[in-house]
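Here the structure is laid out as structure tokens; the discussion comes afterwards.
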Amino acid sequence: MPGQRSITEAEKLVEAKLGGTPVNHRSMAVVANIYRAAAAVRQHLENAVLRSSDLTWTAFVVLWVIWIWGESESRHVAEESGISKGTLTGVIRTLESRGLVRRSEHPSDGRLLLLSLTAEGEELMRRVFPEFNAEETFVTSRLDEDACRALANGLRQVVLQVEEHGEERRLALLGGAEPAPRRSGRRRRQSG
């Protein structure tokens with residue numbers, strides 16, 4: 001991409017900047033490359049597959065979660081999709097207006113919302129997923145079968161570490177305090 005530094009250039013710049021700093025360079029490289037790989041893959045899949053079906057990455061992930069898990073409570077869909085309940089609300093509104101998702105009340109708890117795919121949503125996923133998977137195959141094509149398996153397992157171990165020990169670590173780092181609230185990036189103007 002024009003104007004974007006290659007991964008090799010970025011690694012050289014990091015080494016030049018932090019070469020003498022006592023940090024775990026191996027772990028830093030793993031996390032940085034997880035982020036870069038995720039961003040590159042997401043952008044490729046959105047541009048190569050999802051955009052032609054008028055889907056964002058987040059909308060596709062929500063559809064995927066409902067498609068795989070079947071009818072699910074909205075809070076579980078948000079959690080499995082890695083998004084907030086507020087973000088899910090907007091995504092569901094859009095998908096529902098397109099006739100891809102159906103909302104219904106929980107049979108025993110009216111406060112809970114159930115989400116399921118419509119017939120059109122099911123058909124869309126059956127059509128789009130093979131195209132999506134073909135691009136998953138493309139982006140991993142430099143890896144042989146053993147390397148794919150090892151990378152998938154290594155990333156799974158990263159996820160398990162955070163799932164199983166992340167909260168304990170966060171509590172220790174913050175002395176038991178809650179994390180600071182998220183900021184949108186915009187600061188409120190100070191009056192007076």
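We label chains A, B, ... in the order they appear in the structure tokens, count residues from 1 in each chain, and number ligands from 1 in the order shown.
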
Backbone-only DSSP, alpha helix (DSSP H) members of region 25-187 of chain A, as a ChimeraX atom specification: /A:25-45,57-69,74-81,85-97,119-139,145-173

Shell around region 74-85 of chain A at 6 Å using only C-alpha atoms, local window under 5 positions removed, as a VMD selection string: chain A and resid 61 to 62 113 to 114

Gly70 (chain A) surroundings by only C-alpha atoms, 9 Å radius, close-in-sequence under 3 positions cut, as a list of chain:residue names: A:Val65, A:Ile66, A:Trp67, A:Leu115, A:Ser116, A:Leu117

Could you save those same residues with C-alpha atoms as a PDB file, in the first residue's frame?
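The result, stored in selection34.pdb:
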```pdb
ATOM      1  CA  VAL A  65     -21.620 -16.028  15.559  1.00  0.00           C
ATOM      2  CA  ILE A  66     -25.390 -16.349  15.129  1.00  0.00           C
ATOM      3  CA  TRP A  67     -24.952 -18.744  12.179  1.00  0.00           C
ATOM      4  CA  LEU A 115     -31.138 -13.093  17.881  1.00  0.00           C
ATOM      5  CA  SER A 116     -31.419 -15.518  14.990  1.00  0.00           C
ATOM      6  CA  LEU A 117     -30.746 -15.490  11.264  1.00  0.00           C
TER       7      LEU A 117
END
```

Proximity to Glu136 (chain A) - best of A:Ala16, A:Leu55, A:Val162, A:Cys148, only C-alpha atoms: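 Of all the options, A:Cys148 lies closest to Glu136 (chain A).
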
Pick from A:Phe132, A:Leu151, A:Ser97, A:Val14, whichever lies nearest to Trp57 (chain A) using only C-alpha atoms: A:Phe132

Interatomic distance (Å, one decimal) between CA of Thr94 (chain A) and CA of Glu73 (chain A): 17.6 Å

Contacts of Gln43 (chain A) within 12 Å, only C-alpha atoms, excl. fewer than 6 positions in-chain, as a list of chain:residue names: A:Met1, A:Arg36, A:Ala37, A:Val49, A:Leu50, A:Arg51, A:Thr56, A:Trp57, A:Thr58, A:Glu135, A:Val139

d(CA of Gly121 (chain A), CA of Ala134 (chain A)) in Å: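 Rounded to one decimal, the two atoms are 20.0 Å apart.
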
Distance of CA of Arg127 (chain A) from CA of Glu71 (chain A), expressed in Å to one decimal place: 19.8 Å

Picked from region 5-173 of chain A by DSSP as strand (DSSP E or B), as a list of chain:residue names: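 Filtering region 5-173 of chain A down to strand (DSSP E or B) leaves A:Ser72, A:Glu73, A:Val101, A:Arg102, A:Arg103, A:Ser104, A:Glu105, A:Leu113, A:Leu114, A:Leu115, A:Ser116, A:Leu117.
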
Residue nearest Glu120 (chain A) among A:Glu96, A:Glu9, A:Asp144, A:Glu15 (counting only C-alpha atoms):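 Distance minimum relative to Glu120 (chain A) lands on A:Glu96.
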
If we count only C-alpha atoms and set the cut-off at 12 Å, which residues sit around region 25-32 of chain A, ignoring sequence neighbours fewer than 2 positions away in its own chain? Please answer as a PDB file with C-alpha atoms, in the first residue's frame.
```
ATOM      1  CA  ILE A   7       6.711  -4.871   8.350  1.00  0.00           C
ATOM      2  CA  THR A   8      10.476  -5.134   7.762  1.00  0.00           C
ATOM      3  CA  ALA A  10       8.788  -1.143  11.045  1.00  0.00           C
ATOM      4  CA  GLU A  11      10.889  -3.833  12.738  1.00  0.00           C
ATOM      5  CA  LYS A  12      14.106  -1.950  11.865  1.00  0.00           C
ATOM      6  CA  VAL A  14      11.615  -0.388  16.484  1.00  0.00           C
ATOM      7  CA  GLU A  15      15.051  -1.954  16.907  1.00  0.00           C
ATOM      8  CA  LYS A  17      14.474   3.147  18.798  1.00  0.00           C
ATOM      9  CA  LEU A  18      14.422   0.453  21.503  1.00  0.00           C
ATOM     10  CA  GLY A  19      17.630  -1.509  20.866  1.00  0.00           C
ATOM     11  CA  GLY A  20      19.170  -0.520  24.208  1.00  0.00           C
ATOM     12  CA  THR A  21      15.939  -0.525  26.225  1.00  0.00           C
ATOM     13  CA  PRO A  22      15.487  -3.548  28.518  1.00  0.00           C
ATOM     14  CA  VAL A  23      12.273  -4.946  27.040  1.00  0.00           C
ATOM     15  CA  ILE A  34      -0.660 -10.238  15.870  1.00  0.00           C
ATOM     16  CA  TYR A  35      -2.012  -6.710  15.557  1.00  0.00           C
ATOM     17  CA  ARG A  36      -0.491  -6.076  12.114  1.00  0.00           C
ATOM     18  CA  ALA A  37      -1.631  -9.462  10.792  1.00  0.00           C
ATOM     19  CA  ALA A  38      -5.161  -8.968  12.125  1.00  0.00           C
ATOM     20  CA  ALA A  39      -5.410  -5.504  10.569  1.00  0.00           C
ATOM     21  CA  LEU A 151       0.518 -20.760  14.272  1.00  0.00           C
ATOM     22  CA  GLY A 154       0.270 -20.576  19.235  1.00  0.00           C
ATOM     23  CA  LEU A 155      -2.424 -17.928  18.804  1.00  0.00           C
ATOM     24  CA  VAL A 158      -2.210 -16.433  23.589  1.00  0.00           C
ATOM     25  CA  VAL A 159      -6.018 -16.256  23.772  1.00  0.00           C
TER      26      VAL A 159
END
```
